[in-house]
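For reference, data_39.cif (mmCIF, C-alpha atoms):
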data_final
#
loop_
_atom_site.label_atom_id
_atom_site.label_comp_id
_atom_site.auth_asym_id
_atom_site.auth_seq_id
_atom_site.Cartn_x
_atom_site.Cartn_y
_atom_site.Cartn_z
CA MET B 25 29.33 161.81 137.75
CA THR B 26 30.59 164.56 135.46
CA ILE B 27 34.18 163.46 135.94
CA ARG B 28 33.22 159.85 135.19
CA GLY B 29 31.42 160.86 131.98
CA SER B 30 34.33 162.93 130.79
CA PHE B 31 36.67 160.01 131.48
CA LEU B 32 34.52 157.63 129.44
CA ARG B 33 34.35 160.05 126.52
CA CYS B 34 38.14 160.47 126.57
CA ALA B 35 38.68 156.71 126.75
CA LEU B 36 36.31 156.00 123.84
CA LEU B 37 37.80 158.63 121.54
CA PRO B 38 41.00 156.64 120.54
CA PHE B 39 38.93 153.50 119.84
CA LEU B 40 36.51 155.43 117.65
CA THR B 41 39.47 156.94 115.81
CA LEU B 42 40.96 153.49 115.20
CA PHE B 43 37.60 152.21 114.02
CA LEU B 44 37.18 155.06 111.57
CA CYS B 45 40.76 154.59 110.28
CA SER B 46 40.19 150.89 109.71
CA CYS B 47 37.39 151.72 107.30
CA ILE B 48 39.78 153.45 104.91
CA THR B 49 40.64 151.23 101.92
CA THR B 50 43.60 151.47 99.59
CA ASP B 51 42.86 151.67 95.90
CA LYS B 52 45.50 149.36 94.46
CA LYS B 53 44.32 150.18 90.95
CA LEU B 54 45.30 153.82 91.32
CA GLY B 55 47.05 154.81 88.09
CA ASP B 56 46.18 151.49 86.49
CA TYR B 57 44.60 153.25 83.54
CA LEU B 58 48.00 154.77 82.74
CA VAL B 59 49.45 151.30 81.92
CA PRO B 60 48.51 150.06 78.43
CA SER B 61 46.34 146.96 78.53
CA ASP B 62 48.90 144.99 76.49
CA GLN B 63 51.52 145.51 79.20
CA HIS B 64 49.59 144.06 82.15
CA LEU B 65 51.65 141.23 83.65
CA ILE B 66 49.68 138.24 84.93
CA LEU B 67 51.65 135.43 86.57
CA ASN B 68 50.64 131.84 85.91
CA THR B 69 52.02 128.53 87.11
CA THR B 70 52.27 125.17 85.40
CA THR B 71 54.30 121.99 85.89
CA PHE B 72 56.12 119.59 83.59
CA ASP B 73 57.38 116.08 84.17
CA LEU B 74 61.14 116.28 84.40
CA PRO B 75 63.03 114.02 81.95
CA ILE B 76 65.79 112.86 84.28
CA TYR B 77 67.91 109.73 84.27
CA SER B 78 71.10 108.39 85.88
CA ARG B 79 74.36 108.74 83.98
CA PRO B 80 78.05 108.46 84.95
CA THR B 81 80.25 111.55 84.97
CA ASP B 82 82.87 110.19 82.64
CA SER B 83 86.36 111.76 82.62
CA LEU B 84 86.01 113.90 85.71
CA GLN B 85 88.92 116.27 86.25
CA THR B 86 90.85 115.38 89.42
CA SER B 87 94.21 117.06 88.76
CA ASN B 88 95.78 119.67 91.02
CA LEU B 89 96.09 121.81 87.87
CA PHE B 90 92.31 121.87 87.39
CA VAL B 91 90.72 121.33 90.81
CA TYR B 92 89.72 124.57 92.58
CA GLU B 93 91.30 123.80 95.93
CA SER B 94 94.17 125.46 97.75
CA ASN B 95 95.77 122.06 98.15
CA LEU B 96 94.82 118.88 96.31
CA THR B 97 93.41 116.14 98.50
CA LEU B 98 95.00 112.81 97.71
CA LEU B 99 92.42 110.02 97.80
CA PHE B 100 93.35 106.38 98.28
CA GLY B 101 91.34 103.45 99.53
CA ALA B 102 88.22 101.52 98.66
CA CYS B 103 84.71 100.96 99.99
CA GLN B 104 81.84 98.64 99.18
CA ASP B 105 78.23 99.89 99.02
CA PRO B 106 75.21 97.55 98.64
CA ILE B 107 73.76 99.68 95.82
CA PHE B 108 76.74 101.36 94.20
CA GLY B 109 79.16 98.49 94.52
CA LEU B 110 82.94 98.84 94.83
CA THR B 111 84.60 102.26 94.56
CA LYS B 112 88.40 102.41 94.44
CA ALA B 113 90.59 105.49 94.67
CA GLY B 114 94.33 105.91 94.24
CA SER B 115 96.59 108.94 94.03
CA VAL B 116 99.41 109.84 91.67
CA PHE B 117 101.92 112.56 92.49
CA GLN B 118 105.42 113.65 91.51
CA PHE B 119 108.28 114.41 93.89
CA ILE B 120 111.59 116.29 93.79
CA PRO B 121 114.67 116.42 96.05
CA TRP B 122 114.96 119.23 98.59
CA SER B 123 118.58 119.91 97.70
CA SER B 124 121.05 119.00 94.99
CA PHE B 125 124.25 118.61 97.02
CA SER B 126 126.62 115.82 96.05
CA TYR B 127 126.60 112.78 98.31
CA GLY B 128 129.72 111.10 96.93
CA ASP B 129 130.28 107.72 95.36
CA PHE B 130 128.67 104.43 96.37
CA PRO B 131 126.26 105.55 99.11
CA GLU B 132 124.39 102.67 100.72
CA PRO B 133 120.69 103.12 101.63
CA VAL B 134 119.55 102.31 105.16
CA SER B 135 115.83 103.20 104.97
CA LEU B 136 113.31 105.08 102.83
CA THR B 137 110.03 106.29 104.37
CA LEU B 138 107.06 108.00 102.74
CA THR B 139 105.03 110.22 105.09
CA LEU B 140 101.60 111.76 104.47
CA ILE B 141 99.40 113.87 106.75
CA ARG B 142 95.68 113.24 106.77
CA SER B 143 93.44 116.05 105.57
CA THR B 144 91.60 118.16 108.12
CA ARG B 145 88.45 116.51 106.78
CA ASP B 146 87.64 113.04 108.04
CA ASN B 147 88.36 109.98 105.99
CA ILE B 148 85.40 108.60 104.07
CA VAL B 149 83.58 105.61 105.56
CA LEU B 150 80.15 104.12 104.95
CA ASP B 151 80.16 102.48 108.37
CA MET B 152 81.68 104.22 111.42
CA ASN B 153 83.16 100.90 112.50
CA GLN B 154 85.53 101.21 109.53
CA THR B 155 87.08 104.47 110.79
CA THR B 156 90.05 102.66 112.35
CA ALA B 157 89.94 99.40 110.37
CA PRO B 158 93.38 98.26 109.17
CA GLN B 159 94.21 98.71 105.47
CA THR B 160 97.25 97.45 103.61
CA ILE B 161 98.88 100.26 101.64
CA PHE B 162 100.72 99.73 98.36
CA VAL B 163 103.01 102.26 96.70
CA HIS B 164 103.99 101.80 93.06
CA GLU B 165 106.47 103.54 90.79
CA VAL B 166 104.87 105.38 87.86
CA LEU B 167 106.29 104.32 84.46
CA THR B 168 104.68 106.89 82.14
CA ASP B 169 105.72 110.49 81.53
CA LEU B 170 102.91 112.50 83.09
CA SER B 171 101.38 115.51 81.32
CA TYR B 172 98.28 117.70 81.52
CA LYS B 173 96.41 114.90 79.73
CA TYR B 174 96.65 112.89 82.95
CA GLY B 175 94.14 115.07 84.73
CA TYR B 176 91.08 112.84 84.89
CA ASN B 177 89.79 110.14 87.19
CA ASN B 178 90.22 107.53 84.44
CA SER B 179 93.62 108.71 83.15
CA LEU B 180 95.72 106.03 84.81
CA LEU B 181 95.93 102.65 83.08
CA THR B 182 97.45 99.43 84.38
CA GLN B 183 100.49 99.77 82.14
CA ASP B 184 101.22 103.24 83.56
CA TRP B 185 102.58 101.90 86.85
CA GLU B 186 104.89 99.11 87.98
CA GLN B 187 102.76 96.19 89.13
CA VAL B 188 105.22 95.08 91.80
CA PRO B 189 104.93 97.61 94.65
CA ILE B 190 107.96 99.44 95.99
CA SER B 191 106.39 99.50 99.45
CA LYS B 192 107.49 96.79 101.84
CA PRO B 193 104.97 94.01 102.58
CA GLY B 194 102.51 94.45 105.44
CA GLN B 195 102.30 98.24 105.50
CA LEU B 196 99.13 98.85 107.52
CA TYR B 197 97.21 102.08 108.02
CA PHE B 198 94.53 102.49 110.73
CA GLY B 199 93.06 105.86 109.72
CA THR B 200 95.28 107.94 112.01
CA ASP B 201 96.50 111.49 111.37
CA THR B 202 99.91 110.43 110.04
CA ILE B 203 100.51 107.83 107.34
CA LYS B 204 103.97 106.26 107.20
CA VAL B 205 104.98 103.72 104.57
CA SER B 206 108.35 101.99 104.42
CA LEU B 207 109.64 101.71 100.85
CA SER B 208 112.06 99.17 99.45
CA LEU B 209 115.83 99.62 99.60
CA ASP B 210 115.97 98.76 95.89
CA PHE B 211 113.99 101.92 95.10
CA ALA B 212 116.09 103.90 97.57
CA ARG B 213 119.22 102.67 95.83
CA LYS B 214 117.75 103.79 92.50
CA LEU B 215 117.17 107.29 93.89
CA LEU B 216 120.79 107.44 94.97
CA THR B 217 121.88 106.94 91.35
CA ALA B 218 120.39 110.30 90.29
CA THR B 219 123.03 112.37 88.53
CA GLN B 220 124.08 115.82 89.69
CA GLU B 221 122.29 117.32 86.68
CA GLU B 222 119.07 115.47 87.57
CA ARG B 223 119.28 116.64 91.16
CA ASP B 224 119.83 120.23 89.99
CA THR B 225 116.91 120.31 87.50
CA ALA B 226 113.39 119.30 88.56
CA SER B 227 112.22 118.58 85.00
CA LEU B 228 115.14 116.17 84.42
CA PHE B 229 114.59 114.52 87.79
CA LYS B 230 110.88 113.97 87.02
CA LYS B 231 111.76 112.68 83.58
CA ARG B 232 113.60 109.82 85.20
CA PHE B 233 111.60 109.42 88.42
CA LYS B 234 108.13 109.92 87.03
CA GLY B 235 106.06 109.73 90.19
CA LEU B 236 104.40 107.52 92.79
CA TYR B 237 101.00 105.82 92.82
CA ILE B 238 99.48 104.98 96.22
CA GLN B 239 96.49 102.68 96.75
CA THR B 240 95.11 100.16 99.25
CA GLU B 241 93.70 96.69 99.12
CA SER B 242 89.98 96.26 98.44
CA PRO B 243 87.84 95.86 101.57
CA VAL B 244 87.39 92.44 103.07
CA GLY B 245 83.90 91.84 104.40
CA GLY B 246 80.33 92.69 103.52
CA ASN B 247 78.57 95.82 102.43
CA ASN B 248 79.66 99.21 103.80
CA ALA B 249 83.15 97.85 104.46
CA GLY B 250 86.29 99.78 103.62
CA ARG B 251 87.57 103.35 103.84
CA ILE B 252 88.75 106.03 101.43
CA ASN B 253 91.52 108.10 102.97
CA ARG B 254 92.16 111.81 102.50
CA ALA B 255 95.71 113.19 102.66
CA LEU B 256 97.20 116.56 101.71
CA LEU B 257 99.41 116.70 98.63
CA SER B 258 101.58 119.34 100.30
CA SER B 259 102.32 117.00 103.19
CA ALA B 260 103.87 114.20 101.12
CA GLU B 261 107.58 113.74 101.73
CA MET B 262 110.17 110.99 101.65
CA VAL B 263 113.15 110.61 103.94
CA LEU B 264 116.09 108.53 102.66
CA LYS B 265 118.72 107.58 105.20
CA TYR B 266 122.02 106.26 103.89
CA THR B 267 125.64 105.68 104.89
CA LEU B 268 128.79 106.79 103.07
CA ASP B 269 132.22 105.83 104.23
CA GLY B 270 130.78 104.87 107.60
CA ALA B 271 128.96 108.17 108.15
CA ASP B 272 125.18 108.50 108.40
CA SER B 273 123.37 111.04 106.18
CA THR B 274 119.81 111.91 105.20
CA LEU B 275 118.14 113.06 101.97
CA TYR B 276 114.68 114.64 101.77
CA TYR B 277 112.16 114.64 98.94
CA SER B 278 108.89 116.52 98.78
CA SER B 279 105.82 116.42 96.58
CA ASP B 280 106.02 118.78 93.62
CA TYR B 281 102.89 120.92 93.90
CA TYR B 282 103.59 122.47 90.51
CA GLY B 283 104.01 119.06 88.96
CA HIS B 284 101.29 116.60 88.01
CA ALA B 285 99.08 115.08 90.70
CA PHE B 286 95.64 113.56 90.33
CA ASN B 287 93.27 111.00 91.78
CA SER B 288 92.48 107.81 89.90
CA ILE B 289 88.95 106.64 90.73
CA THR B 290 86.91 103.70 89.47
CA HIS B 291 83.32 102.63 90.17
CA SER B 292 81.71 99.25 89.57
CA ASN B 293 78.03 100.31 89.82
CA ALA B 294 77.19 96.66 89.29
CA GLU B 295 73.60 96.77 90.57
CA ILE B 296 72.48 100.06 89.03
CA ASP B 297 70.09 100.34 86.10
CA PRO B 298 70.84 103.79 84.62
CA ASN B 299 67.43 103.86 82.91
CA SER B 300 65.44 102.94 86.00
CA SER B 301 62.22 104.93 86.37
CA LYS B 302 61.86 103.93 90.01
CA ASN B 303 64.95 105.68 91.33
CA ILE B 304 67.46 108.35 90.37
CA TYR B 305 70.95 107.72 91.73
CA TYR B 306 73.59 110.09 93.05
CA GLN B 307 77.17 109.00 93.71
CA GLY B 308 80.13 111.22 94.49
CA PHE B 309 83.49 111.36 92.71
CA ALA B 310 83.09 110.24 89.08
CA GLY B 311 80.10 108.04 89.87
CA ILE B 312 76.60 107.96 88.46
CA LYS B 313 74.51 111.12 88.86
CA PRO B 314 71.11 112.60 87.94
CA TYR B 315 71.10 113.70 84.29
CA ILE B 316 68.49 116.18 83.04
CA ASP B 317 67.56 115.96 79.36
CA PHE B 318 67.01 119.62 78.46
CA VAL B 319 66.52 118.74 74.79
CA SER B 320 63.40 116.82 75.74
CA LEU B 321 62.32 119.32 78.40
CA THR B 322 62.48 122.37 76.13
CA HIS B 323 60.64 120.41 73.44
CA SER B 324 57.84 119.72 75.94
CA ILE B 325 57.67 123.40 76.87
CA ARG B 326 57.51 124.48 73.21
CA THR B 327 54.75 121.94 72.52
CA TRP B 328 52.77 123.17 75.53
CA ALA B 329 53.24 126.79 74.43
CA GLU B 330 52.03 126.01 70.94
CA GLN B 331 48.95 124.22 72.27
CA SER B 332 48.31 127.15 74.60
CA GLN B 333 48.72 129.63 71.73
CA ILE B 334 51.74 131.20 73.41
CA ASP B 335 54.64 132.57 71.42
CA VAL B 336 57.74 131.24 73.20
CA LYS B 337 59.53 134.48 72.31
CA ASN B 338 57.02 136.28 74.56
CA LEU B 339 57.28 133.76 77.39
CA LEU B 340 58.92 135.47 80.36
CA ILE B 341 59.94 133.09 83.14
CA SER B 342 59.58 134.47 86.66
CA ARG B 343 60.89 131.28 88.28
CA ALA B 344 61.82 127.83 87.01
CA GLU B 345 62.19 125.42 89.90
CA VAL B 346 63.24 121.78 89.68
CA LEU B 347 61.88 119.64 92.51
CA ILE B 348 63.38 116.19 93.13
CA ALA B 349 62.04 114.22 96.08
CA TYR B 350 63.49 111.46 98.21
CA ASP B 351 61.78 108.90 100.41
CA PRO B 352 60.85 110.50 103.78
CA ALA B 353 61.07 107.08 105.45
CA ILE B 354 64.78 106.72 104.71
CA ASP B 355 67.05 106.08 107.68
CA TYR B 356 68.60 109.24 109.16
CA THR B 357 72.10 107.75 108.93
CA LYS B 358 71.64 107.52 105.16
CA ILE B 359 70.37 111.10 104.95
CA ASN B 360 73.70 112.22 106.39
CA GLN B 361 75.31 110.86 103.22
CA TYR B 362 73.12 113.01 100.96
CA PRO B 363 74.82 116.04 99.38
CA PRO B 364 73.62 119.33 100.91
CA LEU B 365 73.75 121.19 97.60
CA LEU B 366 73.11 119.89 94.07
CA TYR B 367 73.34 122.10 91.01
CA PRO B 368 73.42 121.50 87.25
CA PHE B 369 76.70 121.21 85.35
CA THR B 370 77.21 120.99 81.61
CA ARG B 371 80.06 119.21 79.89
CA ALA B 372 82.33 121.79 78.24
CA TYR B 373 85.20 121.32 75.82
CA THR B 374 88.32 123.14 74.72
CA ASP B 375 90.84 122.09 72.09
CA SER B 376 92.72 119.99 74.64
CA THR B 377 90.46 119.33 77.61
CA ALA B 378 86.95 118.41 78.66
CA TYR B 379 85.49 119.56 81.93
CA TYR B 380 82.24 120.02 83.88
CA ARG B 381 81.11 123.62 84.29
CA ILE B 382 78.35 124.91 86.54
CA ILE B 383 75.52 126.67 84.68
CA ASP B 384 75.58 130.44 84.58
CA ASN B 385 73.88 132.58 87.23
CA ILE B 386 73.78 130.11 90.08
CA TYR B 387 71.07 131.17 92.54
CA LEU B 388 72.41 130.86 96.06
CA SER B 389 71.35 133.46 98.60
CA PRO B 390 69.49 133.54 101.93
CA PRO B 391 67.38 131.73 102.94
CA GLU B 392 68.83 129.07 100.63
CA GLY B 393 72.48 129.76 101.40
CA ASN B 394 74.76 126.98 100.21
CA VAL B 395 72.11 124.30 100.72
CA ASN B 396 69.17 123.28 98.55
CA ILE B 397 68.12 120.07 100.26
CA ASN B 398 64.90 120.67 102.17
CA ARG B 399 64.85 118.14 104.99
CA SER B 400 61.38 119.15 106.15
CA LYS B 401 59.80 118.70 102.70
CA TYR B 402 62.05 115.78 101.69
CA HIS B 403 63.19 117.19 98.39
CA TYR B 404 65.84 119.18 96.54
CA SER B 405 64.83 122.52 95.06
CA LEU B 406 66.94 123.89 92.18
CA ASN B 407 66.39 127.35 90.74
CA ILE B 408 67.27 127.18 87.01
CA THR B 409 65.34 130.28 85.86
CA SER B 410 68.08 132.04 83.92
CA TYR B 411 69.41 128.85 82.33
CA LEU B 412 66.00 127.69 81.08
CA GLN B 413 65.16 131.15 79.75
CA SER B 414 68.43 131.17 77.79
CA LEU B 415 67.68 127.75 76.27
CA LEU B 416 64.23 128.85 75.10
CA LYS B 417 65.89 131.73 73.26
CA LYS B 418 68.19 129.38 71.34
CA GLU B 419 67.43 128.24 67.82
CA GLU B 420 68.45 124.70 68.72
CA VAL B 421 69.02 122.93 72.03
CA THR B 422 71.55 120.09 71.80
CA GLU B 423 72.92 117.35 74.05
CA ARG B 424 75.63 119.75 75.19
CA ASP B 425 72.89 121.69 76.98
CA ASN B 426 71.92 118.64 79.04
CA THR B 427 73.19 118.70 82.61
CA TRP B 428 74.47 116.46 85.37
CA LEU B 429 73.47 117.34 88.93
CA MET B 430 76.62 117.47 91.02
CA GLU B 431 77.49 118.30 94.60
CA THR B 432 78.52 121.94 94.58
CA THR B 433 80.85 123.88 96.83
CA SER B 434 82.51 127.29 96.70
CA THR B 435 86.03 128.66 97.02
CA ILE B 436 86.98 132.29 97.68
CA ILE B 437 89.31 133.30 94.85
CA ASP B 438 90.35 136.87 95.71
CA ASP B 439 90.74 139.39 98.52
CA TYR B 440 87.26 140.82 97.87
CA GLY B 441 85.51 137.62 98.93
CA THR B 442 84.50 136.60 95.40
CA SER B 443 83.37 132.97 95.36
CA MET B 444 83.76 130.44 92.59
CA PHE B 445 81.28 127.58 92.59
CA HIS B 446 82.50 124.18 91.43
CA HIS B 447 81.87 120.51 91.98
CA SER B 448 83.22 118.99 95.17
CA SER B 449 86.13 116.78 94.14
CA SER B 450 87.08 115.13 97.42
CA SER B 451 83.76 114.14 99.03
CA TYR B 452 81.77 110.99 98.43
CA PRO B 453 78.03 111.52 99.04
CA LEU B 454 75.48 108.88 98.11
CA ALA B 455 71.76 109.40 97.54
CA LEU B 456 68.71 107.55 96.26
CA LEU B 457 66.08 109.89 94.77
CA GLU B 458 62.53 109.36 93.56
CA GLY B 459 62.33 108.45 89.86
CA THR B 460 59.95 109.34 87.04
CA SER B 461 57.46 106.56 87.84
CA SER B 462 57.22 107.51 91.51
CA ASP B 463 54.16 109.17 93.04
CA ALA B 464 56.56 111.99 93.98
CA LYS B 465 58.20 112.11 90.56
CA PRO B 466 60.63 114.91 89.64
CA ILE B 467 58.97 117.98 88.16
CA LEU B 468 59.70 121.40 86.75
CA LYS B 469 57.50 124.07 88.32
CA LEU B 470 57.23 127.03 85.97
CA THR B 471 55.99 130.46 87.05
CA TYR B 472 55.65 132.71 84.01
CA THR B 473 53.96 135.58 82.29
CA VAL B 474 53.32 136.25 78.61
CA LEU B 475 54.27 139.57 77.08
CA LYS B 476 51.61 140.89 74.71
#

Please, can you express the file's structure as structure tokens?
Amino acid sequence: MTIRGSFLRCALLPFLTLFLCSCITTDKKLGDYLVPSDQHLILNTTTFDLPIYSRPTDSLQTSNLFVYESNLTLLFGACQDPIFGLTKAGSVFQFIPWSSFSYGDFPEPVSLTLTLIRSTRDNIVLDMNQTTAPQTIFVHEVLTDLSYKYGYNNSLLTQDWEQVPISKPGQLYFGTDTIKVSLSLDFARKLLTATQEERDTASLFKKRFKGLYIQTESPVGGNNAGRINRALLSSAEMVLKYTLDGADSTLYYSSDYYGHAFNSITHSNAEIDPNSSKNIYYQGFAGIKPYIDFVSLTHSIRTWAEQSQIDVKNLLISRAEVLIAYDPAIDYTKINQYPPLLYPFTRAYTDSTAYYRIIDNIYLSPPEGNVNINRSKYHYSLNITSYLQSLLKKEEVTERDNTWLMETTSTIIDDYGTSMFHHSSSSYPLALLEGTSSDAKPILKLTYTVLK
């Protein structure tokens, strides 16, 4: 009995200790009296309707001199979407001879073949059945001297290239890894007339042979037909076989990576109302995209602050989050076309160029990573805290502070792993988002405190 009693007392002792410990409370106000009452920070939350519309990204840079990629992706092809209509892409690039050796007088061309290697990324299709659909390829000779001004999706005009193609008729491509196009003997014969000086000097050669433009026919069939192909600029080469005095010889030409190369892209957007309040549209390349009116948004915030007797100069934003929803009932195959990461870009200008620049202090870190689409909550979440705070400090917010939401990607630019974030220039996502008249309309969720 004594042993049993001692055992019970020993067993109960830890539980009593735990019980007594659980009664101890922490005074979270300890030292609170040392903080002046006018420095107490109280967080509040409010929401604003987001003034957002759909606007095209006019004059999007697509040149290898401006695009942040290790190797420019040449885009050529066309596809037809039921909402966004027809999108056409073509590529312009310059080429130079591999060597400048003399090939004698009166050489006679036998064949001229252009070869391209498909990018490691898949070609772009809206319907998987179009992955291997045949496309007729056309190659044209460029007629205009190219310069840095030809760095935009809408740079190329009809008069800039020879309307009659130099590719032979019936050149079909089925989406395979290698693209081969037979070019005309007339163009091959023209190449063989290059002088020794032109063959020796790349700038003189490109002055005469200004470049090539490659495109395909528009898709035949209904909606979701067609394909936009991706090829590597560095892979482009031409092989010219000729005879001279009965002997066979070969000349090689390669793309000039340090020359001018860009993608020419057009969109019809025939069925889209850019001022629709029902939907906000997102289209890759230079297509229509969500456009946030920060002039109107900051005006709404200032009006709210005034009505709430808050001095905007004392408004400290803890988090400014843009929430843009999409229909949860949308087909999963369509969701796969949605961009994984959208972020705001402003339109910036220099003396000679215009370009889209991501806003400062992009917030991308775990758990967000390089994705801000939330597939469980059916919305995009964009952290714009620093940008909005900077606008509220400005004397005047102008249209140049308004932003387009663009698919964003990153490129490592040095040996230390530093990343540069920029818009994705060679992908073609499509998305239909909830508009301002929707029950799940876009909002700005503001978490803030007021300094006293």

- Query: Evaluating the PyMOL selection byres ((chain B and resi 111-123) around 9) on the displayed file yields which residues, as JSON, numbers by chain?
  - Reply: {"B": [98, 99, 100, 101, 102, 103, 104, 105, 108, 109, 110, 124, 125, 166, 170, 177, 180, 223, 224, 226, 229, 230, 233, 234, 235, 236, 237, 238, 239, 240, 242, 252, 253, 257, 260, 261, 262, 275, 276, 277, 278, 279, 280, 281, 283, 284, 285, 286, 287, 288, 289, 290, 291, 292, 293, 311]}

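Taking CA of Leu264 (chain B) and CA of Phe211 (chain B) as the two end points, the separation is 10.3 Å.
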
Polymer residues at most 10 Å from Ile467 (chain B), all atoms listed in the file, same-chain spacing of 2 or more positions, as a JSON list (two decimals) with C-alpha atoms, keeping the file's coordinate frame:
[["chain", "number", "residue", "atom", "x", "y", "z"],
["B", 71, "THR", "CA", 54.30, 121.99, 85.89],
["B", 72, "PHE", "CA", 56.12, 119.59, 83.59],
["B", 73, "ASP", "CA", 57.38, 116.08, 84.17],
["B", 74, "LEU", "CA", 61.14, 116.28, 84.40],
["B", 75, "PRO", "CA", 63.03, 114.02, 81.95],
["B", 76, "ILE", "CA", 65.79, 112.86, 84.28],
["B", 345, "GLU", "CA", 62.19, 125.42, 89.90],
["B", 346, "VAL", "CA", 63.24, 121.78, 89.68],
["B", 347, "LEU", "CA", 61.88, 119.64, 92.51],
["B", 348, "ILE", "CA", 63.38, 116.19, 93.13],
["B", 349, "ALA", "CA", 62.04, 114.22, 96.08],
["B", 460, "THR", "CA", 59.95, 109.34, 87.04],
["B", 464, "ALA", "CA", 56.56, 111.99, 93.98],
["B", 465, "LYS", "CA", 58.20, 112.11, 90.56],
["B", 469, "LYS", "CA", 57.50, 124.07, 88.32],
["B", 470, "LEU", "CA", 57.23, 127.03, 85.97]]

- Can you work out which one of B:Asp355, B:Glu330, B:Glu132, B:Glu295 has the shortest atom-to-atom distance to Ala271 (chain B), counting all atoms listed in the file? B:Glu132

- Item | Output of the PyMOL selection byres ((chain B and resi 370) around 7), listed as a list in words | Pro368, Phe369, Arg371, Ala372, Tyr380, Arg381, Ile382, Ile383, Arg424, Asp425, Asn426, Thr427 and Trp428 of chain B

- Message: What's the separation between CA of Ser258 (chain B) and CA of Leu96 (chain B), in Å to one decimal place?
- Response: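 So the answer is 7.9 Å.
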
- Item | Using all atoms listed in the file: which of B:Asp201, B:Glu93, B:Glu419, B:Asp384 has the shortest distance to Ser450 (chain B) |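 With all atoms listed in the file as the atom set, the closest residue is B:Glu93.
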
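Residue nearest Ser443 (chain B), chosen from B:Leu209, B:Ile386, B:Leu340, B:Ala218 and counting all atoms listed in the file: B:Ile386.
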
- Item | Result set of the PyMOL selection byres ((chain B and resi 141-154) around 8) on the coordinates above, as a list of chain:residue names |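 Matching residues under the PyMOL selection byres ((chain B and resi 141-154) around 8) are B:Thr97, B:Cys103, B:Asp105, B:Thr139, B:Leu140, B:Thr155, B:Thr156, B:Ala157, B:Gly199, B:Thr200, B:Asp201, B:Thr202, B:Ile203, B:Asn248, B:Ala249, B:Gly250, B:Arg251, B:Ile252, B:Asn253, B:Arg254, B:Ala255, B:Leu256, B:Ser259, B:Ala260, B:Ser451, B:Tyr452.
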
Written selection (C-alpha atoms) as a PDB file, keeping the file's coordinate frame:
ATOM      1  CA  THR B  97      93.410 116.140  98.500  1.00  0.00           C
ATOM      2  CA  CYS B 103      84.710 100.960  99.990  1.00  0.00           C
ATOM      3  CA  ASP B 105      78.230  99.890  99.020  1.00  0.00           C
ATOM      4  CA  THR B 139     105.030 110.220 105.090  1.00  0.00           C
ATOM      5  CA  LEU B 140     101.600 111.760 104.470  1.00  0.00           C
ATOM      6  CA  THR B 155      87.080 104.470 110.790  1.00  0.00           C
ATOM      7  CA  THR B 156      90.050 102.660 112.350  1.00  0.00           C
ATOM      8  CA  ALA B 157      89.940  99.400 110.370  1.00  0.00           C
ATOM      9  CA  GLY B 199      93.060 105.860 109.720  1.00  0.00           C
ATOM     10  CA  THR B 200      95.280 107.940 112.010  1.00  0.00           C
ATOM     11  CA  ASP B 201      96.500 111.490 111.370  1.00  0.00           C
ATOM     12  CA  THR B 202      99.910 110.430 110.040  1.00  0.00           C
ATOM     13  CA  ILE B 203     100.510 107.830 107.340  1.00  0.00           C
ATOM     14  CA  ASN B 248      79.660  99.210 103.800  1.00  0.00           C
ATOM     15  CA  ALA B 249      83.150  97.850 104.460  1.00  0.00           C
ATOM     16  CA  GLY B 250      86.290  99.780 103.620  1.00  0.00           C
ATOM     17  CA  ARG B 251      87.570 103.350 103.840  1.00  0.00           C
ATOM     18  CA  ILE B 252      88.750 106.030 101.430  1.00  0.00           C
ATOM     19  CA  ASN B 253      91.520 108.100 102.970  1.00  0.00           C
ATOM     20  CA  ARG B 254      92.160 111.810 102.500  1.00  0.00           C
ATOM     21  CA  ALA B 255      95.710 113.190 102.660  1.00  0.00           C
ATOM     22  CA  LEU B 256      97.200 116.560 101.710  1.00  0.00           C
ATOM     23  CA  SER B 259     102.320 117.000 103.190  1.00  0.00           C
ATOM     24  CA  ALA B 260     103.870 114.200 101.120  1.00  0.00           C
ATOM     25  CA  SER B 451      83.760 114.140  99.030  1.00  0.00           C
ATOM     26  CA  TYR B 452      81.770 110.990  98.430  1.00  0.00           C
TER      27      TYR B 452
END
